[in-house]
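> There's a structure below that I have some questions on.
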Amino acid sequence: MSNFENILEVKGLITEFQTDSGWVRAVDGVSFDVPKGKTVGIVGESGCGKSVTSMSTVDLLPKPMGQVKGGEIIFKGRDLRKIDHDEFYDIRGGEIGVIFQEPMTALNPVHKVGRQLTEVLLLHKNISKSEAWKEAIDILDKVGIPSPESRVNEYPHQLSGGMKQRVVIAIALACKPDLVIADEPTTALDVTVQSQILELINSIQKEMGMSVIMITHDLGVIAETCDEVVVMYAGRVVERGSVMKIFKEPQHEYTRALLASIPSLDSPRKSELTTIPGTVASITNFVDGCRFCQRMERTGETLKVKPELVEISPNHWVADCPFCNNHGK
């Protein structure tokens with residue numbers, strides 16, 4: 001680990017995709033920090049830019065359509081946008097691990113589990129094939145896969161969804177990275193297995209002292225696993241701060257709406273669930289100003305001028321829109 005307080009600092013990240021109608025901006029000036037040994041959650045509705053933000057940090061955007069157009073990505077004091085390809089290749093997979101969203105597609109169906117695990121170890125560590133094979137069995141055992149000596153010789157289709165996800169986690173953790181990006185790691189898993197996977201990530205994090213970026217649309221996952229949270233809407237950060245602060249004193253209208261939409265055990269039976277009115281605008285129709293005001297069909301200057309993030313209390317930031325920001329009202 002480095003001596004820096006934050007393992008990762010993302011500053012003003014801008015990511016765009018080329019379409020038939022020109023370049024569209026999917027991530028618009030996103031900034032956040034990941035402290036050493038902590039878990040930072042990025043939450044928001046589908047299409048808000050969570051996964052694009054995380055994949056931008058590790059240069060895994062589809063090329064050449066997706067490109068990082070601006071900002072800084074400071075990892076352990078180095079700007080990842082300014083280092084050469086070979087050095088980045090060593091960092092990604094070695095010092096930064098990625099747990100991909102879909103275990104069914106993250107694993108190669110024609111290669112055995114052992115080969116996919118040892119490939120990572122042989123690429124990033126100076127060890128022999130026999131040592132890599134032994135380490136692969138050890139890491140499978142660490143992530144809770146029974147009989148790892150036999151599982152290394154099986155193909156992905158021979159494993160359950162939960163087992164596949166554990167293999168994906170094992171691959172991400174194989175080189176003992178300083179930072180792990182977990183992109184919706186419990187997608188398509190039943191609730192029992194989801195809980196097991198989250199507990200596994202949490203226990204390994206404590207054991208290895210690594211930092212985690214948890215990408216999710218589930219505020220329950222955020223509350224259970226994260227220290228800090230970044231709330232995104234339409235490609236921008238609308239609020240960020242400690243989980244305790246955001247859940248107890250949400251200041252942005254969108255954050256409050258997300259929290260209000262969580263079903264409660266003490267709600268009357270058959271009561272209608274709370275929803276957020278309106279719909280997210282198409283990425284080609286985003287306004288320059290407050291995009292949540294755009295959703296709520298408001299008019300005026302707030303649609304023209306981008307609201308800047310302001311720090312309203314120590315480590316609590318909110319987009320400064322007069323309609324959406326509850327601070328001072």
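The chains in the structure tokens are called A, B, ... from first to last as shown; in each chain the residues are counted from 1, and the ligands are counted from 1 in the order shown.
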For A:Ile169, list every protein, DNA or RNA residue within 10 Å, evaluated using only C-alpha atoms, and leave out those in the same chain fewer than 3 positions away; present the list as a list of chain:residue names.
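That gives A:Gly97, A:Val98, A:Ile99, A:Phe100, A:Pro103, A:Ile139, A:Leu140, A:Val143, A:Met163, A:Lys164, A:Gln165, A:Arg166, A:Ala172, A:Leu173, A:Ala174, A:Val180, A:Ala182, A:Pro185, A:Ile197, A:Leu200, A:Ile201.
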> Distance table requested - stretch 171-237 of chain A against stretch 26-40 of chain A, cut-off 7 Å, only C-alpha atoms: one row per qualifying residue with the closest atom pair and its distance in Å to one decimal, ordered by chain and rising residue number, as a Markdown table.

```
| residue | atom | partner | partner_atom | distance |
| --- | --- | --- | --- | --- |
| A:Gly209 | CA | A:Gly37 | CA | 5.2 |
| A:Met210 | CA | A:Gly37 | CA | 4.9 |
| A:Ser211 | CA | A:Gly37 | CA | 4.4 |
| A:Val212 | CA | A:Thr39 | CA | 4.6 |
| A:Ile213 | CA | A:Val40 | CA | 5.0 |
| A:Met214 | CA | A:Val40 | CA | 6.1 |
| A:Cys226 | CA | A:Thr39 | CA | 4.8 |
| A:Asp227 | CA | A:Thr39 | CA | 5.4 |
| A:Glu228 | CA | A:Val40 | CA | 4.8 |
| A:Val229 | CA | A:Val40 | CA | 5.5 |
| A:Gly235 | CA | A:Val27 | CA | 4.4 |
| A:Arg236 | CA | A:Asp28 | CA | 5.5 |
| A:Val237 | CA | A:Val30 | CA | 5.9 |
```
> Export, as an mmCIF file, in the first residue's frame, the selected residues with C-alpha atoms.

```
data_model
loop_
_atom_site.group_PDB
_atom_site.id
_atom_site.type_symbol
_atom_site.label_atom_id
_atom_site.label_comp_id
_atom_site.auth_asym_id
_atom_site.auth_seq_id
_atom_site.Cartn_x
_atom_site.Cartn_y
_atom_site.Cartn_z
ATOM 1 C CA GLY A 209 -6.781 -4.315 3.750
ATOM 2 C CA MET A 210 -7.864 -3.411 0.224
ATOM 3 C CA SER A 211 -10.179 -0.615 -0.912
ATOM 4 C CA VAL A 212 -13.418 -1.362 -2.764
ATOM 5 C CA ILE A 213 -15.630 0.522 -5.200
ATOM 6 C CA MET A 214 -19.101 -1.048 -4.996
ATOM 7 C CA CYS A 226 -20.118 0.836 2.277
ATOM 8 C CA ASP A 227 -18.388 3.572 4.275
ATOM 9 C CA GLU A 228 -19.058 6.361 1.784
ATOM 10 C CA VAL A 229 -21.541 6.757 -1.059
ATOM 11 C CA GLY A 235 -23.957 11.093 -15.757
ATOM 12 C CA ARG A 236 -23.256 13.431 -12.838
ATOM 13 C CA VAL A 237 -22.695 13.233 -9.091
#
```
> When you draw a straight line from atom CA of A:Lys125 to atom CA of A:Tyr155, how long is it in Å?
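Rounded to one decimal, the two atoms are 24.0 Å apart.
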> Run DSSP on the backbone and tell me which residues of stretch 133-319 of chain A come out as strand (DSSP E or B); list them as JSON, numbers by chain.
{"A": [179, 180, 181, 182, 183, 211, 212, 213, 214, 215, 216, 228, 229, 230, 231, 232, 233, 236, 237, 238, 239, 240, 241, 242, 252, 309, 310, 311, 312, 313, 316, 317, 318, 319]}
> Need the shell around stretch 282-296 of chain A: protein/DNA/RNA residues with any atom at most 7 Å away, counting only C-alpha atoms. Skip same-chain ones fewer than 6 positions apart. Format as a tab-separated table (two decimals) with all heavy atoms, in the first residue's frame?

```tsv
chain	number	residue	atom	x	y	z
A	24	VAL	N	-21.63	11.61	-27.64
A	24	VAL	CA	-22.54	11.89	-26.53
A	24	VAL	C	-21.78	11.68	-25.22
A	24	VAL	O	-20.93	10.79	-25.12
A	24	VAL	CB	-23.80	11.00	-26.56
A	24	VAL	CG1	-24.65	11.33	-27.77
A	24	VAL	CG2	-23.44	9.53	-26.55
A	234	ALA	N	-27.95	10.79	-14.23
A	234	ALA	CA	-27.75	11.29	-15.60
A	234	ALA	C	-26.31	11.71	-15.86
A	234	ALA	O	-26.04	12.79	-16.41
A	234	ALA	CB	-28.70	12.45	-15.88
A	302	THR	N	-32.31	27.06	-14.00
A	302	THR	CA	-31.70	25.83	-13.49
A	302	THR	C	-31.45	24.81	-14.60
A	302	THR	O	-30.63	23.92	-14.44
A	302	THR	CB	-32.58	25.17	-12.40
A	302	THR	OG1	-33.86	24.87	-12.95
A	302	THR	CG2	-32.72	26.07	-11.19
A	303	LEU	N	-32.16	24.94	-15.72
A	303	LEU	CA	-31.95	24.02	-16.85
A	303	LEU	C	-30.78	24.45	-17.73
A	303	LEU	O	-30.35	23.69	-18.60
A	303	LEU	CB	-33.22	23.92	-17.70
A	303	LEU	CG	-34.48	23.36	-17.02
A	303	LEU	CD1	-35.62	23.31	-18.01
A	303	LEU	CD2	-34.21	21.97	-16.44
A	304	LYS	N	-30.26	25.65	-17.49
A	304	LYS	CA	-29.22	26.20	-18.37
A	304	LYS	C	-27.82	26.16	-17.76
A	304	LYS	O	-26.83	26.03	-18.49
A	304	LYS	CB	-29.57	27.64	-18.74
A	304	LYS	CG	-30.89	27.79	-19.48
A	304	LYS	CD	-31.21	29.25	-19.73
A	304	LYS	CE	-32.56	29.43	-20.41
A	304	LYS	NZ	-32.91	30.86	-20.60
A	305	VAL	N	-27.74	26.27	-16.43
A	305	VAL	CA	-26.44	26.36	-15.76
A	305	VAL	C	-26.19	25.11	-14.93
A	305	VAL	O	-27.02	24.75	-14.09
A	305	VAL	CB	-26.37	27.61	-14.86
A	305	VAL	CG1	-25.00	27.70	-14.20
A	305	VAL	CG2	-26.66	28.87	-15.67
A	306	LYS	N	-25.05	24.46	-15.17
A	306	LYS	CA	-24.73	23.23	-14.43
A	306	LYS	C	-24.53	23.54	-12.94
A	306	LYS	O	-23.72	24.39	-12.58
A	306	LYS	CB	-23.45	22.62	-15.00
A	306	LYS	CG	-23.02	21.34	-14.28
A	306	LYS	CD	-21.75	20.77	-14.88
A	306	LYS	CE	-21.29	19.52	-14.13
A	306	LYS	NZ	-20.04	18.96	-14.70
A	307	PRO	N	-25.27	22.84	-12.05
A	307	PRO	CA	-25.08	23.07	-10.61
A	307	PRO	C	-23.77	22.45	-10.14
A	307	PRO	O	-23.50	21.27	-10.40
A	307	PRO	CB	-26.29	22.36	-9.98
A	307	PRO	CG	-26.70	21.33	-10.98
A	307	PRO	CD	-26.34	21.88	-12.33
A	321	CYS	N	-28.33	23.02	-6.70
A	321	CYS	CA	-29.50	23.46	-7.46
A	321	CYS	C	-30.52	24.02	-6.46
A	321	CYS	O	-30.86	23.34	-5.49
A	321	CYS	CB	-30.11	22.31	-8.23
A	321	CYS	SG	-31.74	22.68	-8.95
```
> What's around stretch 322-325 of chain A at 10 Å? Count only C-alpha atoms, leave out sequence neighbours fewer than 3 positions away in its own chain, and write the answer as a list in words.
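Here the answer would be Val238, Glu239, Pro250, Gln251, His252, Glu253, Tyr254, Thr255, Arg256, Cys290, Phe292, Cys293, Arg298, Thr302, Pro307, Val318, Ala319, Gly328 and Lys329 of chain A.
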> Would you mind exporting the chosen residues as a PDB file, in the first residue's frame, restricted to C-alpha atoms?

```pdb
ATOM      1  CA  VAL A 238     -25.630  14.862  -7.273  1.00  0.00           C
ATOM      2  CA  GLU A 239     -24.549  14.024  -3.711  1.00  0.00           C
ATOM      3  CA  PRO A 250     -30.073  13.409   2.469  1.00  0.00           C
ATOM      4  CA  GLN A 251     -29.942  16.885   0.932  1.00  0.00           C
ATOM      5  CA  HIS A 252     -30.603  16.360  -2.778  1.00  0.00           C
ATOM      6  CA  GLU A 253     -34.144  15.750  -3.966  1.00  0.00           C
ATOM      7  CA  TYR A 254     -33.042  12.741  -6.024  1.00  0.00           C
ATOM      8  CA  THR A 255     -31.291  11.111  -3.046  1.00  0.00           C
ATOM      9  CA  ARG A 256     -34.398  11.623  -0.921  1.00  0.00           C
ATOM     10  CA  CYS A 290     -29.888  20.441 -13.543  1.00  0.00           C
ATOM     11  CA  PHE A 292     -33.274  16.221 -12.244  1.00  0.00           C
ATOM     12  CA  CYS A 293     -35.135  19.498 -12.778  1.00  0.00           C
ATOM     13  CA  ARG A 298     -39.276  22.520 -14.368  1.00  0.00           C
ATOM     14  CA  THR A 302     -31.698  25.828 -13.490  1.00  0.00           C
ATOM     15  CA  PRO A 307     -25.081  23.070 -10.614  1.00  0.00           C
ATOM     16  CA  VAL A 318     -24.379  18.172  -2.888  1.00  0.00           C
ATOM     17  CA  ALA A 319     -25.214  19.638  -6.305  1.00  0.00           C
ATOM     18  CA  GLY A 328     -30.765  25.850   3.965  1.00  0.00           C
ATOM     19  CA  LYS A 329     -34.448  25.416   3.085  1.00  0.00           C
TER      20      LYS A 329
END
```
> State, in Å with one decimal place, the distance from atom CA of A:Ala132 to atom CA of A:Cys175.
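Atom-to-atom, atom CA of A:Ala132 to atom CA of A:Cys175, that is 10.7 Å.
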> With DSSP run on the backbone, what are the alpha helix (DSSP H) residues within stretch 18-178 of chain A? I'd like them as a JSON list (two decimals) with N, CA, C and O atoms, in the first residue's frame.

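File part-v3.json, as written:
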```json
[["chain", "number", "residue", "atom", "x", "y", "z"],
["A", 50, "LYS", "N", -22.87, 4.72, -13.73],
["A", 50, "LYS", "CA", -22.08, 4.06, -12.68],
["A", 50, "LYS", "C", -21.01, 3.16, -13.28],
["A", 50, "LYS", "O", -19.82, 3.30, -12.97],
["A", 51, "SER", "N", -21.43, 2.23, -14.12],
["A", 51, "SER", "CA", -20.48, 1.27, -14.69],
["A", 51, "SER", "C", -19.50, 1.94, -15.65],
["A", 51, "SER", "O", -18.32, 1.58, -15.69],
["A", 52, "VAL", "N", -19.98, 2.93, -16.41],
["A", 52, "VAL", "CA", -19.09, 3.64, -17.33],
["A", 52, "VAL", "C", -18.00, 4.37, -16.55],
["A", 52, "VAL", "O", -16.83, 4.38, -16.94],
["A", 53, "THR", "N", -18.38, 4.94, -15.40],
["A", 53, "THR", "CA", -17.39, 5.61, -14.54],
["A", 53, "THR", "C", -16.33, 4.62, -14.08],
["A", 53, "THR", "O", -15.12, 4.90, -14.16],
["A", 54, "SER", "N", -16.76, 3.46, -13.60],
["A", 54, "SER", "CA", -15.79, 2.48, -13.08],
["A", 54, "SER", "C", -14.92, 1.91, -14.19],
["A", 54, "SER", "O", -13.72, 1.73, -14.02],
["A", 55, "MET", "N", -15.52, 1.62, -15.35],
["A", 55, "MET", "CA", -14.73, 1.07, -16.45],
["A", 55, "MET", "C", -13.78, 2.11, -17.05],
["A", 55, "MET", "O", -12.73, 1.77, -17.58],
["A", 56, "SER", "N", -14.15, 3.39, -16.93],
["A", 56, "SER", "CA", -13.25, 4.46, -17.40],
["A", 56, "SER", "C", -11.98, 4.49, -16.58],
["A", 56, "SER", "O", -10.88, 4.75, -17.11],
["A", 57, "THR", "N", -12.10, 4.23, -15.28],
["A", 57, "THR", "CA", -10.92, 4.31, -14.41],
["A", 57, "THR", "C", -9.89, 3.25, -14.74],
["A", 57, "THR", "O", -8.69, 3.43, -14.49],
["A", 85, "HIS", "N", 0.86, 2.26, -22.03],
["A", 85, "HIS", "CA", -0.05, 1.11, -22.10],
["A", 85, "HIS", "C", 0.46, -0.08, -21.31],
["A", 85, "HIS", "O", -0.30, -0.75, -20.59],
["A", 86, "ASP", "N", 1.76, -0.37, -21.43],
["A", 86, "ASP", "CA", 2.33, -1.54, -20.75],
["A", 86, "ASP", "C", 2.24, -1.40, -19.24],
["A", 86, "ASP", "O", 1.94, -2.37, -18.53],
["A", 87, "GLU", "N", 2.49, -0.20, -18.73],
["A", 87, "GLU", "CA", 2.41, 0.03, -17.29],
["A", 87, "GLU", "C", 0.97, -0.10, -16.80],
["A", 87, "GLU", "O", 0.71, -0.66, -15.74],
["A", 88, "PHE", "N", 0.05, 0.43, -17.59],
["A", 88, "PHE", "CA", -1.37, 0.32, -17.24],
["A", 88, "PHE", "C", -1.79, -1.15, -17.22],
["A", 88, "PHE", "O", -2.56, -1.60, -16.36],
["A", 89, "TYR", "N", -1.26, -1.92, -18.17],
["A", 89, "TYR", "CA", -1.58, -3.34, -18.27],
["A", 89, "TYR", "C", -1.13, -4.08, -17.01],
["A", 89, "TYR", "O", -1.80, -5.00, -16.53],
["A", 90, "ASP", "N", 0.01, -3.67, -16.46],
["A", 90, "ASP", "CA", 0.50, -4.28, -15.23],
["A", 90, "ASP", "C", -0.37, -3.91, -14.02],
["A", 90, "ASP", "O", -0.59, -4.74, -13.13],
["A", 91, "ILE", "N", -0.83, -2.66, -14.00],
["A", 91, "ILE", "CA", -1.65, -2.19, -12.87],
["A", 91, "ILE", "C", -3.02, -2.87, -12.87],
["A", 91, "ILE", "O", -3.48, -3.37, -11.85],
["A", 103, "PRO", "N", -21.38, -12.97, -14.13],
["A", 103, "PRO", "CA", -20.45, -14.10, -14.08],
["A", 103, "PRO", "C", -20.61, -15.05, -15.27],
["A", 103, "PRO", "O", -19.67, -15.72, -15.67],
["A", 104, "MET", "N", -21.84, -15.10, -15.83],
["A", 104, "MET", "CA", -22.08, -15.99, -16.96],
["A", 104, "MET", "C", -21.28, -15.58, -18.19],
["A", 104, "MET", "O", -20.87, -16.42, -18.99],
["A", 105, "THR", "N", -21.03, -14.27, -18.34],
["A", 105, "THR", "CA", -20.29, -13.80, -19.51],
["A", 105, "THR", "C", -18.85, -13.40, -19.16],
["A", 105, "THR", "O", -18.03, -13.23, -20.06],
["A", 106, "ALA", "N", -18.55, -13.21, -17.88],
["A", 106, "ALA", "CA", -17.20, -12.80, -17.48],
["A", 106, "ALA", "C", -16.19, -13.94, -17.62],
["A", 106, "ALA", "O", -14.99, -13.70, -17.77],
["A", 113, "VAL", "N", -11.70, -23.58, -15.27],
["A", 113, "VAL", "CA", -11.56, -22.56, -14.24],
["A", 113, "VAL", "C", -10.09, -22.36, -13.85],
["A", 113, "VAL", "O", -9.62, -21.23, -13.72],
["A", 114, "GLY", "N", -9.36, -23.46, -13.70],
["A", 114, "GLY", "CA", -7.96, -23.39, -13.31],
["A", 114, "GLY", "C", -7.12, -22.61, -14.29],
["A", 114, "GLY", "O", -6.25, -21.81, -13.91],
["A", 115, "ARG", "N", -7.37, -22.82, -15.58],
["A", 115, "ARG", "CA", -6.59, -22.11, -16.60],
["A", 115, "ARG", "C", -6.86, -20.60, -16.54],
["A", 115, "ARG", "O", -5.93, -19.79, -16.68],
["A", 116, "GLN", "N", -8.13, -20.22, -16.32],
["A", 116, "GLN", "CA", -8.47, -18.80, -16.28],
["A", 116, "GLN", "C", -7.87, -18.12, -15.06],
["A", 116, "GLN", "O", -7.50, -16.94, -15.11],
["A", 117, "LEU", "N", -7.77, -18.85, -13.96],
["A", 117, "LEU", "CA", -7.16, -18.30, -12.75],
["A", 117, "LEU", "C", -5.64, -18.20, -12.88],
["A", 117, "LEU", "O", -5.04, -17.18, -12.54],
["A", 118, "THR", "N", -5.02, -19.25, -13.38],
["A", 118, "THR", "CA", -3.56, -19.25, -13.48],
["A", 118, "THR", "C", -3.07, -18.25, -14.52],
["A", 118, "THR", "O", -1.96, -17.71, -14.39],
["A", 119, "GLU", "N", -3.90, -17.96, -15.52],
["A", 119, "GLU", "CA", -3.52, -16.97, -16.54],
["A", 119, "GLU", "C", -3.23, -15.62, -15.89],
["A", 119, "GLU", "O", -2.23, -14.96, -16.22],
["A", 120, "VAL", "N", -4.09, -15.21, -14.97],
["A", 120, "VAL", "CA", -3.91, -13.93, -14.27],
["A", 120, "VAL", "C", -2.63, -13.94, -13.45],
["A", 120, "VAL", "O", -1.84, -12.99, -13.47],
["A", 121, "LEU", "N", -2.40, -15.03, -12.74],
["A", 121, "LEU", "CA", -1.22, -15.14, -11.88],
["A", 121, "LEU", "C", 0.07, -15.14, -12.70],
["A", 121, "LEU", "O", 1.05, -14.49, -12.33],
["A", 122, "LEU", "N", 0.07, -15.85, -13.81],
["A", 122, "LEU", "CA", 1.27, -15.92, -14.65],
["A", 122, "LEU", "C", 1.57, -14.59, -15.34],
["A", 122, "LEU", "O", 2.72, -14.25, -15.58],
["A", 123, "LEU", "N", 0.50, -13.81, -15.65],
["A", 123, "LEU", "CA", 0.69, -12.52, -16.30],
["A", 123, "LEU", "C", 1.29, -11.49, -15.35],
["A", 123, "LEU", "O", 2.10, -10.65, -15.76],
["A", 124, "HIS", "N", 0.89, -11.53, -14.09],
["A", 124, "HIS", "CA", 1.24, -10.45, -13.17],
["A", 124, "HIS", "C", 2.23, -10.84, -12.09],
["A", 124, "HIS", "O", 2.69, -9.97, -11.34],
["A", 129, "LYS", "N", 4.36, -22.35, -13.44],
["A", 129, "LYS", "CA", 3.00, -22.85, -13.66],
["A", 129, "LYS", "C", 2.51, -23.68, -12.47],
["A", 129, "LYS", "O", 1.35, -23.60, -12.09],
["A", 130, "SER", "N", 3.41, -24.47, -11.90],
["A", 130, "SER", "CA", 3.01, -25.30, -10.76],
["A", 130, "SER", "C", 2.68, -24.43, -9.55],
["A", 130, "SER", "O", 1.72, -24.71, -8.80],
["A", 131, "GLU", "N", 3.45, -23.35, -9.35],
["A", 131, "GLU", "CA", 3.14, -22.43, -8.24],
["A", 131, "GLU", "C", 1.83, -21.70, -8.48],
["A", 131, "GLU", "O", 1.03, -21.50, -7.55],
["A", 132, "ALA", "N", 1.59, -21.33, -9.74],
["A", 132, "ALA", "CA", 0.34, -20.65, -10.08],
["A", 132, "ALA", "C", -0.84, -21.57, -9.84],
["A", 132, "ALA", "O", -1.89, -21.14, -9.35],
["A", 133, "TRP", "N", -0.68, -22.85, -10.18],
["A", 133, "TRP", "CA", -1.76, -23.82, -9.99],
["A", 133, "TRP", "C", -2.09, -23.98, -8.50],
["A", 133, "TRP", "O", -3.25, -24.02, -8.11],
["A", 134, "LYS", "N", -1.04, -24.02, -7.70],
["A", 134, "LYS", "CA", -1.24, -24.15, -6.25],
["A", 134, "LYS", "C", -1.94, -22.90, -5.69],
["A", 134, "LYS", "O", -2.85, -23.00, -4.86],
["A", 135, "GLU", "N", -1.52, -21.72, -6.17],
["A", 135, "GLU", "CA", -2.15, -20.48, -5.71],
["A", 135, "GLU", "C", -3.60, -20.40, -6.15],
["A", 135, "GLU", "O", -4.46, -19.88, -5.43],
["A", 136, "ALA", "N", -3.89, -20.92, -7.36],
["A", 136, "ALA", "CA", -5.27, -20.93, -7.85],
["A", 136, "ALA", "C", -6.17, -21.76, -6.94],
["A", 136, "ALA", "O", -7.30, -21.35, -6.62],
["A", 137, "ILE", "N", -5.68, -22.91, -6.51],
["A", 137, "ILE", "CA", -6.45, -23.76, -5.59],
["A", 137, "ILE", "C", -6.64, -23.06, -4.25],
["A", 137, "ILE", "O", -7.74, -23.09, -3.67],
["A", 138, "ASP", "N", -5.60, -22.38, -3.78],
["A", 138, "ASP", "CA", -5.69, -21.67, -2.50],
["A", 138, "ASP", "C", -6.71, -20.54, -2.54],
["A", 138, "ASP", "O", -7.49, -20.37, -1.59],
["A", 139, "ILE", "N", -6.73, -19.79, -3.64],
["A", 139, "ILE", "CA", -7.66, -18.66, -3.73],
["A", 139, "ILE", "C", -9.09, -19.15, -3.89],
["A", 139, "ILE", "O", -10.04, -18.54, -3.37],
["A", 140, "LEU", "N", -9.30, -20.27, -4.58],
["A", 140, "LEU", "CA", -10.65, -20.84, -4.68],
["A", 140, "LEU", "C", -11.15, -21.28, -3.30],
["A", 140, "LEU", "O", -12.32, -21.12, -2.97],
["A", 141, "ASP", "N", -10.23, -21.83, -2.53],
["A", 141, "ASP", "CA", -10.58, -22.22, -1.16],
["A", 141, "ASP", "C", -10.92, -20.99, -0.33],
["A", 141, "ASP", "O", -11.88, -20.99, 0.46],
["A", 142, "LYS", "N", -10.18, -19.89, -0.54],
["A", 142, "LYS", "CA", -10.40, -18.66, 0.24],
["A", 142, "LYS", "C", -11.77, -18.06, -0.05],
["A", 142, "LYS", "O", -12.42, -17.49, 0.86],
["A", 148, "PRO", "N", -11.77, -27.38, -3.96],
["A", 148, "PRO", "CA", -11.13, -26.57, -5.01],
["A", 148, "PRO", "C", -10.19, -27.37, -5.90],
["A", 148, "PRO", "O", -9.99, -27.02, -7.06],
["A", 149, "GLU", "N", -9.61, -28.48, -5.36],
["A", 149, "GLU", "CA", -8.69, -29.29, -6.17],
["A", 149, "GLU", "C", -9.39, -29.89, -7.39],
["A", 149, "GLU", "O", -8.77, -30.07, -8.44],
["A", 150, "SER", "N", -10.68, -30.19, -7.26],
["A", 150, "SER", "CA", -11.42, -30.73, -8.41],
["A", 150, "SER", "C", -12.08, -29.63, -9.22],
["A", 150, "SER", "O", -12.22, -29.74, -10.45],
["A", 151, "ARG", "N", -12.47, -28.52, -8.56],
["A", 151, "ARG", "CA", -13.15, -27.43, -9.28],
["A", 151, "ARG", "C", -12.24, -26.76, -10.31],
["A", 151, "ARG", "O", -12.72, -26.25, -11.32],
["A", 161, "GLY", "N", -24.59, -20.44, -10.49],
["A", 161, "GLY", "CA", -24.37, -19.00, -10.62],
["A", 161, "GLY", "C", -23.54, -18.43, -9.48],
["A", 161, "GLY", "O", -22.64, -17.61, -9.70],
["A", 162, "GLY", "N", -23.84, -18.88, -8.26],
["A", 162, "GLY", "CA", -23.07, -18.40, -7.11],
["A", 162, "GLY", "C", -21.62, -18.83, -7.17],
["A", 162, "GLY", "O", -20.72, -18.05, -6.80],
["A", 163, "MET", "N", -21.37, -20.06, -7.62],
["A", 163, "MET", "CA", -20.00, -20.55, -7.74],
["A", 163, "MET", "C", -19.24, -19.79, -8.83],
["A", 163, "MET", "O", -18.06, -19.45, -8.67],
["A", 164, "LYS", "N", -19.92, -19.49, -9.95],
["A", 164, "LYS", "CA", -19.28, -18.71, -11.01],
["A", 164, "LYS", "C", -18.85, -17.35, -10.48],
["A", 164, "LYS", "O", -17.75, -16.88, -10.75],
["A", 165, "GLN", "N", -19.75, -16.72, -9.69],
["A", 165, "GLN", "CA", -19.41, -15.40, -9.16],
["A", 165, "GLN", "C", -18.22, -15.48, -8.21],
["A", 165, "GLN", "O", -17.38, -14.57, -8.16],
["A", 166, "ARG", "N", -18.12, -16.55, -7.44],
["A", 166, "ARG", "CA", -16.98, -16.73, -6.55],
["A", 166, "ARG", "C", -15.69, -16.90, -7.35],
["A", 166, "ARG", "O", -14.63, -16.43, -6.94],
["A", 167, "VAL", "N", -15.78, -17.56, -8.51],
["A", 167, "VAL", "CA", -14.59, -17.70, -9.37],
["A", 167, "VAL", "C", -14.18, -16.33, -9.91],
["A", 167, "VAL", "O", -12.99, -15.99, -9.95],
["A", 168, "VAL", "N", -15.18, -15.51, -10.33],
["A", 168, "VAL", "CA", -14.89, -14.17, -10.82],
["A", 168, "VAL", "C", -14.21, -13.34, -9.72],
["A", 168, "VAL", "O", -13.24, -12.60, -9.98],
["A", 169, "ILE", "N", -14.69, -13.48, -8.49],
["A", 169, "ILE", "CA", -14.07, -12.79, -7.36],
["A", 169, "ILE", "C", -12.65, -13.29, -7.14],
["A", 169, "ILE", "O", -11.73, -12.51, -6.89],
["A", 170, "ALA", "N", -12.47, -14.61, -7.25],
["A", 170, "ALA", "CA", -11.14, -15.19, -7.07],
["A", 170, "ALA", "C", -10.15, -14.64, -8.09],
["A", 170, "ALA", "O", -8.99, -14.33, -7.75],
["A", 171, "ILE", "N", -10.59, -14.49, -9.34],
["A", 171, "ILE", "CA", -9.72, -13.95, -10.39],
["A", 171, "ILE", "C", -9.34, -12.50, -10.06],
["A", 171, "ILE", "O", -8.19, -12.09, -10.21],
["A", 172, "ALA", "N", -10.33, -11.72, -9.58],
["A", 172, "ALA", "CA", -10.07, -10.32, -9.24],
["A", 172, "ALA", "C", -9.10, -10.18, -8.07],
["A", 172, "ALA", "O", -8.32, -9.24, -8.01],
["A", 173, "LEU", "N", -9.14, -11.15, -7.13],
["A", 173, "LEU", "CA", -8.33, -11.06, -5.92],
["A", 173, "LEU", "C", -7.02, -11.83, -6.01],
["A", 173, "LEU", "O", -6.21, -11.79, -5.08]]
```
> So what do you get for atom CA of A:Trp23 versus atom CA of A:Val280, distance-wise?
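It comes out at 19.0 Å.
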> Which residues come within 8 Å of A:Trp317, counting only C-alpha atoms, excluding same-chain residues fewer than 5 positions away, as a ChimeraX atom specification?
/A:239-241,309-312
> Which of these, A:Lys245, A:Lys82, A:Lys206, A:Lys176, has the shortest distance to A:Asn315 once you count only C-alpha atoms?
A:Lys245
> Quick one: everything within 8 Å of stretch 258-263 of chain A, counting only C-alpha atoms, minus sequence neighbours fewer than 2 positions away in the same chain. Send it as a short mmCIF file (atom, residue, chain, number, x, y, z; two decimals) with N, CA and C atoms, in the first residue's frame.

```
data_model
loop_
_atom_site.label_atom_id
_atom_site.label_comp_id
_atom_site.auth_asym_id
_atom_site.auth_seq_id
_atom_site.Cartn_x
_atom_site.Cartn_y
_atom_site.Cartn_z
N LEU A 219 -29.81 0.33 -2.67
CA LEU A 219 -29.40 1.11 -1.49
C LEU A 219 -29.21 0.22 -0.26
N PHE A 247 -27.74 8.75 4.52
CA PHE A 247 -28.98 8.06 4.87
C PHE A 247 -29.79 8.84 5.93
N TYR A 254 -33.14 14.08 -5.43
CA TYR A 254 -33.04 12.74 -6.02
C TYR A 254 -32.64 11.70 -4.98
N THR A 255 -31.69 12.04 -4.11
CA THR A 255 -31.29 11.11 -3.05
C THR A 255 -32.48 10.80 -2.14
N ARG A 256 -33.23 11.83 -1.77
CA ARG A 256 -34.40 11.62 -0.92
C ARG A 256 -35.44 10.75 -1.62
N LEU A 265 -40.86 -2.47 6.10
CA LEU A 265 -41.58 -3.59 6.71
C LEU A 265 -42.84 -3.13 7.44
N SER A 267 -44.86 -0.78 6.39
CA SER A 267 -45.84 -0.22 5.47
C SER A 267 -47.12 -1.05 5.51
N LEU A 273 -46.24 1.23 -3.67
CA LEU A 273 -44.85 1.60 -3.44
C LEU A 273 -44.58 3.01 -3.99
N THR A 274 -43.70 3.71 -3.29
CA THR A 274 -43.32 5.06 -3.73
C THR A 274 -42.41 4.97 -4.95
N THR A 275 -42.69 5.76 -5.96
CA THR A 275 -41.85 5.80 -7.17
C THR A 275 -41.41 7.23 -7.43
N ILE A 276 -40.38 7.36 -8.27
CA ILE A 276 -39.90 8.69 -8.65
C ILE A 276 -40.63 9.09 -9.92
#
```
